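Containing compact mmCIF, C-alpha atoms: run_5.txt.
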# COMPACT_ATOMS: atom_id res chain seq x y z
CA MET D 1 -41.48 -116.65 -87.43
CA HIS D 2 -45.08 -117.34 -88.39
CA ALA D 3 -46.65 -119.69 -90.90
CA HIS D 4 -49.65 -121.94 -91.34
CA ARG D 5 -47.64 -125.15 -91.55
CA LYS D 6 -48.29 -127.43 -88.58
CA THR D 7 -45.03 -128.55 -87.00
CA ARG D 8 -44.35 -130.40 -83.78
CA PRO D 9 -41.04 -131.12 -82.07
CA ALA D 10 -39.85 -134.68 -82.38
CA ALA D 11 -39.00 -135.09 -78.70
CA SER D 12 -40.04 -133.61 -75.40
CA LEU D 13 -38.36 -132.97 -72.08
CA SER D 14 -39.82 -134.48 -68.94
CA PRO D 15 -40.51 -132.08 -66.04
CA TRP D 16 -37.52 -133.31 -64.04
CA ARG D 17 -35.19 -132.82 -67.00
CA ARG D 18 -36.47 -129.27 -67.48
CA LEU D 19 -35.83 -128.57 -63.81
CA LEU D 20 -32.37 -130.13 -64.01
CA LEU D 21 -31.49 -127.97 -67.01
CA LEU D 22 -32.82 -124.91 -65.24
CA TRP D 23 -30.74 -125.73 -62.16
CA LEU D 24 -27.57 -126.35 -64.19
CA LEU D 25 -27.92 -123.36 -66.48
CA GLY D 26 -29.83 -121.07 -64.11
CA PRO D 27 -27.09 -118.55 -63.26
CA LEU D 28 -26.04 -118.12 -66.90
CA LEU D 29 -29.64 -117.92 -68.14
CA TRP D 30 -30.47 -115.32 -65.50
CA LEU D 31 -27.51 -113.16 -66.52
CA GLN D 32 -28.38 -113.46 -70.19
CA ALA D 33 -32.06 -112.65 -69.60
CA ARG D 34 -31.10 -109.61 -67.55
CA HIS D 35 -28.78 -108.42 -70.32
CA VAL D 36 -31.49 -108.91 -72.97
CA ARG D 37 -34.00 -106.87 -70.97
CA ARG D 38 -31.47 -104.09 -70.59
CA ILE D 39 -30.43 -103.76 -74.23
CA THR D 40 -33.58 -104.73 -76.15
CA PRO D 41 -35.63 -101.68 -77.21
CA ARG D 42 -39.26 -101.75 -76.09
CA MET D 43 -41.29 -101.29 -79.24
CA PRO D 44 -44.66 -99.52 -78.99
CA GLU D 45 -48.05 -100.85 -79.99
CA PRO D 46 -48.76 -99.56 -83.50
CA PRO D 47 -51.30 -96.81 -84.10
CA GLY D 48 -54.48 -97.37 -86.04
CA GLN D 49 -58.04 -98.58 -85.67
CA ARG D 50 -58.68 -101.50 -83.36
CA ALA D 51 -62.22 -102.13 -84.52
CA GLY D 52 -64.05 -101.91 -87.80
CA SER D 53 -65.80 -103.63 -90.67
CA ALA D 54 -64.54 -104.76 -94.08
CA GLY D 55 -65.62 -106.85 -97.04
CA GLN D 56 -68.90 -108.20 -98.32
CA GLY D 57 -70.82 -111.44 -98.06
CA SER D 58 -71.77 -113.58 -95.09
CA LEU D 59 -70.82 -112.05 -91.76
CA ILE D 60 -67.94 -113.17 -89.54
CA ARG D 61 -67.37 -111.38 -86.26
CA LEU D 62 -63.71 -111.64 -85.29
CA LEU D 63 -61.93 -110.90 -82.02
CA VAL D 64 -58.12 -110.98 -81.84
CA ALA D 65 -57.02 -110.94 -78.21
CA GLY D 66 -53.82 -111.38 -76.27
CA ASP D 67 -50.32 -110.02 -75.89
CA SER D 68 -47.92 -108.00 -78.03
CA GLY D 69 -48.49 -110.27 -81.02
CA ALA D 70 -52.21 -109.56 -80.99
CA ALA D 71 -51.48 -105.87 -80.39
CA GLY D 72 -49.22 -105.81 -83.45
CA VAL D 73 -45.93 -104.80 -81.85
CA GLY D 74 -43.27 -104.78 -84.56
CA ALA D 75 -45.56 -103.40 -87.26
CA PRO D 76 -45.75 -99.66 -88.04
CA THR D 77 -49.58 -99.62 -88.21
CA GLN D 78 -52.50 -101.85 -87.23
CA GLU D 79 -53.21 -102.45 -90.92
CA GLN D 80 -49.82 -104.16 -91.22
CA ALA D 81 -50.18 -106.00 -87.92
CA LEU D 82 -51.79 -109.38 -87.27
CA CYS D 83 -55.45 -108.41 -87.15
CA GLY D 84 -55.24 -105.98 -90.05
CA GLN D 85 -53.63 -108.55 -92.31
CA LEU D 86 -55.99 -111.29 -91.15
CA VAL D 87 -59.04 -109.12 -91.82
CA ARG D 88 -57.71 -108.27 -95.29
CA ARG D 89 -57.57 -111.97 -96.16
CA LEU D 90 -60.89 -112.97 -94.59
CA SER D 91 -62.70 -110.01 -96.16
CA ARG D 92 -62.04 -111.48 -99.61
CA HIS D 93 -64.65 -114.10 -98.72
CA HIS D 94 -66.81 -112.55 -95.97
CA ARG D 95 -67.94 -109.32 -94.41
CA VAL D 96 -65.76 -109.12 -91.32
CA GLU D 97 -66.56 -107.11 -88.21
CA TRP D 98 -63.43 -107.19 -86.16
CA CYS D 99 -61.92 -106.04 -82.89
CA VAL D 100 -58.50 -106.11 -81.22
CA LEU D 101 -58.32 -106.51 -77.46
CA ALA D 102 -54.65 -106.78 -76.56
CA VAL D 103 -51.93 -105.21 -74.45
CA ASN D 104 -48.18 -105.46 -74.85
CA GLY D 105 -46.63 -107.50 -72.03
CA LEU D 106 -49.74 -109.45 -70.98
CA ASP D 107 -49.45 -112.94 -69.54
CA SER D 108 -52.32 -115.41 -69.22
CA PRO D 109 -53.63 -114.13 -65.85
CA GLY D 110 -53.47 -110.58 -67.19
CA LEU D 111 -55.45 -111.52 -70.29
CA HIS D 112 -58.01 -113.30 -68.15
CA GLN D 113 -58.59 -110.08 -66.22
CA LEU D 114 -58.71 -108.00 -69.41
CA LEU D 115 -61.38 -110.27 -70.90
CA LEU D 116 -63.28 -110.33 -67.63
CA ASP D 117 -63.41 -106.52 -67.62
CA ALA D 118 -64.53 -106.28 -71.25
CA PRO D 119 -68.25 -105.93 -72.01
CA LYS D 120 -70.02 -109.03 -73.27
CA ALA D 121 -70.31 -109.32 -77.04
CA SER D 122 -70.97 -111.96 -79.69
CA PHE D 123 -68.18 -113.20 -81.95
CA ASP D 124 -67.95 -116.05 -84.42
CA VAL D 125 -64.17 -116.46 -84.16
CA VAL D 126 -61.75 -115.58 -81.38
CA VAL D 127 -58.01 -115.77 -82.03
CA LEU D 128 -55.72 -115.86 -78.98
CA SER D 129 -52.08 -114.85 -79.14
CA MET D 130 -50.74 -115.75 -75.72
CA GLY D 131 -47.68 -117.41 -74.24
CA ALA D 132 -44.43 -115.58 -74.90
CA ASN D 133 -44.58 -113.65 -71.63
CA ASP D 134 -45.64 -116.78 -69.75
CA ALA D 135 -42.64 -118.54 -71.25
CA THR D 136 -40.17 -115.86 -70.21
CA ALA D 137 -41.64 -116.06 -66.70
CA LEU D 138 -41.03 -119.84 -66.84
CA CYS D 139 -44.67 -120.73 -66.28
CA ALA D 140 -44.80 -124.54 -66.09
CA PRO D 141 -46.08 -125.95 -69.40
CA LEU D 142 -49.00 -127.91 -67.91
CA LEU D 143 -50.01 -124.96 -65.73
CA TRP D 144 -49.92 -122.72 -68.81
CA ALA D 145 -52.12 -125.15 -70.76
CA ARG D 146 -54.62 -125.13 -67.90
CA TRP D 147 -54.63 -121.33 -68.00
CA GLN D 148 -55.61 -121.54 -71.67
CA SER D 149 -58.57 -123.71 -70.68
CA ARG D 150 -59.57 -121.09 -68.10
CA LEU D 151 -59.38 -118.44 -70.81
CA ALA D 152 -61.47 -120.63 -73.11
CA GLU D 153 -64.16 -121.03 -70.45
CA LEU D 154 -64.32 -117.27 -69.93
CA ILE D 155 -64.42 -116.60 -73.67
CA ALA D 156 -67.28 -119.08 -74.09
CA LEU D 157 -69.27 -117.28 -71.37
CA ARG D 158 -68.64 -113.73 -72.55
CA PHE D 159 -68.27 -114.03 -76.33
CA ALA D 160 -69.76 -117.44 -77.32
CA PRO D 161 -67.60 -118.01 -80.43
CA ALA D 162 -68.16 -120.94 -82.77
CA LEU D 163 -64.37 -121.25 -83.04
CA LEU D 164 -61.56 -120.40 -80.64
CA VAL D 165 -58.10 -120.57 -82.20
CA HIS D 166 -55.12 -120.78 -79.88
CA SER D 167 -52.09 -119.46 -81.74
CA ALA D 168 -49.14 -121.48 -80.47
CA VAL D 169 -46.33 -119.92 -78.47
CA PRO D 170 -43.83 -118.64 -81.07
CA PRO D 171 -40.71 -120.74 -81.70
CA MET D 172 -38.54 -118.83 -79.27
CA HIS D 173 -35.44 -120.70 -80.38
CA ALA D 174 -35.68 -118.49 -83.48
CA CYS D 175 -35.84 -115.18 -81.60
CA LEU D 176 -32.62 -113.47 -82.62
CA ALA D 177 -32.67 -111.14 -79.62
CA LEU D 178 -31.91 -114.09 -77.32
CA PRO D 179 -28.28 -115.25 -77.05
CA GLN D 180 -27.33 -118.89 -76.76
CA PRO D 181 -27.94 -120.99 -74.69
CA LEU D 182 -30.89 -118.87 -73.52
CA ARG D 183 -32.46 -119.02 -76.98
CA TRP D 184 -32.22 -122.81 -77.09
CA PHE D 185 -33.58 -123.20 -73.56
CA MET D 186 -36.54 -120.87 -74.14
CA GLY D 187 -37.27 -122.62 -77.42
CA ARG D 188 -37.53 -125.96 -75.65
CA TRP D 189 -39.68 -124.45 -72.92
CA ALA D 190 -42.06 -122.96 -75.49
CA GLN D 191 -42.26 -126.30 -77.30
CA GLN D 192 -43.29 -128.01 -74.10
CA MET D 193 -45.99 -125.41 -73.53
CA ASN D 194 -47.39 -126.03 -77.00
CA LEU D 195 -47.34 -129.81 -76.58
CA SER D 196 -49.14 -129.55 -73.24
CA LEU D 197 -51.88 -127.42 -74.79
CA ALA D 198 -52.20 -129.69 -77.84
CA ALA D 199 -52.72 -132.68 -75.55
CA LEU D 200 -55.55 -130.89 -73.73
CA LEU D 201 -57.22 -129.90 -77.02
CA ILE D 202 -57.50 -133.45 -78.40
CA GLU D 203 -61.01 -133.97 -77.02
CA GLU D 204 -62.17 -130.34 -77.27
CA VAL D 205 -64.87 -129.16 -79.65
CA GLY D 206 -64.77 -125.62 -81.01
CA ARG D 207 -61.15 -125.06 -79.94
CA SER D 208 -58.14 -125.60 -82.18
CA MET D 209 -54.47 -124.76 -82.35
CA HIS D 210 -52.60 -122.87 -85.03
CA TRP D 211 -48.95 -123.92 -85.10
CA HIS D 212 -46.01 -121.71 -86.01
CA PRO D 213 -43.15 -123.05 -88.12
CA SER D 214 -40.04 -124.41 -86.46
CA THR D 215 -37.75 -121.94 -88.21
CA THR D 216 -37.72 -118.30 -89.17
CA THR D 217 -35.63 -115.81 -91.09
CA THR D 218 -34.53 -112.29 -90.31
CA ALA D 219 -36.98 -111.05 -92.97
CA GLY D 220 -39.87 -112.03 -90.70
CA MET D 221 -38.52 -110.30 -87.59
CA ALA D 222 -38.84 -106.75 -86.35
CA ALA D 223 -35.83 -104.65 -85.40
CA ASP D 224 -35.92 -105.89 -81.79
CA GLY D 225 -35.27 -109.47 -82.90
CA PHE D 226 -38.25 -110.68 -80.91
CA HIS D 227 -41.52 -109.55 -82.53
CA PRO D 228 -42.72 -110.15 -86.09
CA SER D 229 -42.20 -107.59 -88.82
CA PRO D 230 -45.04 -106.79 -91.25
CA GLU D 231 -43.74 -109.68 -93.38
CA GLY D 232 -43.86 -111.98 -90.39
CA TYR D 233 -47.39 -110.89 -89.55
CA ALA D 234 -48.40 -111.49 -93.18
CA VAL D 235 -47.31 -115.13 -93.04
CA TRP D 236 -48.95 -115.58 -89.63
CA ALA D 237 -52.20 -114.03 -90.91
CA GLU D 238 -52.15 -116.16 -94.04
CA GLY D 239 -51.95 -119.34 -91.98
CA LEU D 240 -54.68 -118.17 -89.61
CA SER D 241 -56.98 -117.18 -92.47
CA GLN D 242 -56.66 -120.62 -94.04
CA HIS D 243 -57.28 -122.21 -90.65
CA ILE D 244 -60.45 -120.15 -90.09
CA LEU D 245 -61.82 -120.53 -93.61
CA ALA D 246 -61.29 -124.30 -93.48
CA ALA D 247 -63.41 -124.45 -90.33
CA GLN D 248 -66.46 -123.26 -92.32
CA ILE D 249 -67.97 -121.15 -89.57
CA PRO D 250 -71.78 -121.30 -89.79
CA SER D 251 -73.55 -118.00 -90.41
CA ARG D 252 -75.37 -116.50 -87.43
CA HIS D 253 -77.90 -113.71 -87.23
CA TYR D 254 -77.45 -110.84 -84.79
CA PRO D 255 -80.84 -109.07 -84.74
CA ASP D 256 -80.11 -107.23 -81.53
CA LEU D 257 -76.78 -105.68 -82.49
CA GLU D 258 -75.79 -102.84 -84.76
CA PRO D 259 -73.19 -103.82 -87.40
CA CYS D 260 -70.14 -102.57 -85.49
CA SER D 261 -71.42 -102.58 -81.94
CA ALA D 262 -69.53 -105.72 -80.96
CA ALA D 263 -66.33 -103.87 -81.72
CA ALA D 264 -67.14 -101.43 -78.92
CA ILE D 265 -65.24 -103.67 -76.49
CA ALA D 266 -62.00 -102.28 -77.94
CA HIS D 267 -60.44 -99.53 -75.84
I need this file expressed as structure tokens, please.
Amino acid sequence: MHAHRKTRPAASLSPWRRLLLLWLLGPLLWLQARHVRRITPRMPEPPGQRAGSAGQGSLIRLLVAGDSGAAGVGAPTQEQALCGQLVRRLSRHHRVEWCVLAVNGLDSPGLHQLLLDAPKASFDVVVLSMGANDATALCAPLLWARWQSRLAELIALRFAPALLVHSAVPPMHACLALPQPLRWFMGRWAQQMNLSLAALLIEEVGRSMHWHPSTTTTAGMAADGFHPSPEGYAVWAEGLSQHILAAQIPSRHYPDLEPCSAAAIAH
């Protein structure tokens, strides 16, 4: 479900075609979505530290924020979740002070409020995992992309990162928990969200997008058929680590902060 390879859909649906599909398939999609919510087990956020320090060398302060993906749902521990596996890879090259600020079930407005309530801190890199819950709520792709810009503005004000990485909405057409045609429809909706955000990022500096692969296998999925397994998080983290290391984040000095004090924003 997650990889570093950049993939884009070959074609896109215009807004009126999306609405036409939604109108034609609406009753069936609603019934299927209701059934999925009823039978899919709600997996907990994994236990473990949500802030810490690892590695040696030049310092990178890392914040992973967002929804269930950032929170690590589908992994048994935080060490095997997204941030834990990302820190493990980055710490081979840098000293990493890291923090997770995420809640299962968050949408973009919810994350905006969570970040607004968090104390100010300085980070070099912020990774956002956001979009699956917006997709299931059928947030319009362009509106969702604009929400990501609002999040970016808030992050710049409160955390001042050198790099903000938007992790693309997962390829929902590969989520095994969703029956057809709901899986196909949600996959197309998620693709449109990603394309809308990519278009807005063309002229942006300090913001980039990490794309998921277009396919997945059951080995990368958790038992609920929706979230990544530890193997899925490992592939996701590998792609993100390469993305971040390739950006060559400049070293910054934090004379006014204790080594792990930025991580105090984790709750």
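Minimum distance to His93 in chain D across D:Leu138, D:Ala70, D:Ile244, D:Met43 (counting all atoms listed in the file) occurs at D:Ile244.
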- line: Taken to one decimal, the CA of Pro171 in chain D-CA of Asn194 in chain D distance is 9.7 Å
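With distances restricted to only C-alpha atoms, D:Ser68 is the closest residue to Pro170 in chain D from D:Ser108, D:Ser68, D:Gln85, D:Thr77.
Around Ala137 in chain D, within 12 Å and counting all atoms listed in the file, the residues found are Trp30, Ala33, Gly105, Leu106, Asp107, Ser108, Gly131, Ala132, Asn133, Asp134, Ala135, Cys139, Ala140, Pro141, Trp144, Met186, Trp189 and Ala190 of chain D, once anything fewer than 2 positions away on its own chain is removed.
The nearest approach to Leu114 in chain D among the residues D:Glu153, D:Glu79, D:Asp67, D:Glu97, with all atoms listed in the file taken into account, belongs to D:Asp67.
Note that the spacing between CA of Gln49 in chain D and CA of Ser229 in chain D amounts to 18.5 Å.
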query: Could you state the separation of CA of Asn104 in chain D and CA of Ala71 in chain D in Å, given to one decimal place?
result: 6.5 Å
field: Ile60 in chain D surroundings by all atoms listed in the file, 12 Å radius, close-in-sequence under 6 positions cut, as a ChimeraX atom specification
entry: /D:53-54,87,90-99,122-126,161-163,244-245,248-254,259-260,262
- request: Would you please work out which residue, of D:Ala75, D:Leu157, D:Leu111, D:Ala174, is nearest to Pro228 in chain D when using all atoms listed in the file?
  value: D:Ala75
- prompt: Which one of D:Leu115, D:Arg50, D:Ala81, D:Glu45 sits closest to Val103 in chain D if you count all atoms listed in the file?
  reply: D:Glu45
Go ahead and fit an axis-aligned box to every listed atom of range 44-59 of chain D plus 8 Å each side, and pass me the centre and edge lengths in Å, one decimal, as JSON.
{"center_x": -58.2, "center_y": -105.2, "center_z": -88.7, "size_x": 43.1, "size_y": 32.8, "size_z": 35.3}
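For the set D:Leu240, D:Met172, D:Ala160, D:Val73, the residue with the smallest atom-to-atom gap to Gly206 in chain D is D:Ala160, counting all atoms listed in the file.
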Using all atoms listed in the file and a cutoff of 10 Å, can you tell me which residues are near (-29.4, -107.1, -81.7) in the file's coordinates, and write them out as a CSV table (one decimal) with C-alpha atoms, in the frame of the given file?
chain,number,residue,atom,x,y,z
D,36,VAL,CA,-31.5,-108.9,-73.0
D,39,ILE,CA,-30.4,-103.8,-74.2
D,40,THR,CA,-33.6,-104.7,-76.2
D,41,PRO,CA,-35.6,-101.7,-77.2
D,176,LEU,CA,-32.6,-113.5,-82.6
D,177,ALA,CA,-32.7,-111.1,-79.6
D,178,LEU,CA,-31.9,-114.1,-77.3
D,179,PRO,CA,-28.3,-115.2,-77.0
D,223,ALA,CA,-35.8,-104.6,-85.4
D,224,ASP,CA,-35.9,-105.9,-81.8
D,225,GLY,CA,-35.3,-109.5,-82.9
D,226,PHE,CA,-38.2,-110.7,-80.9
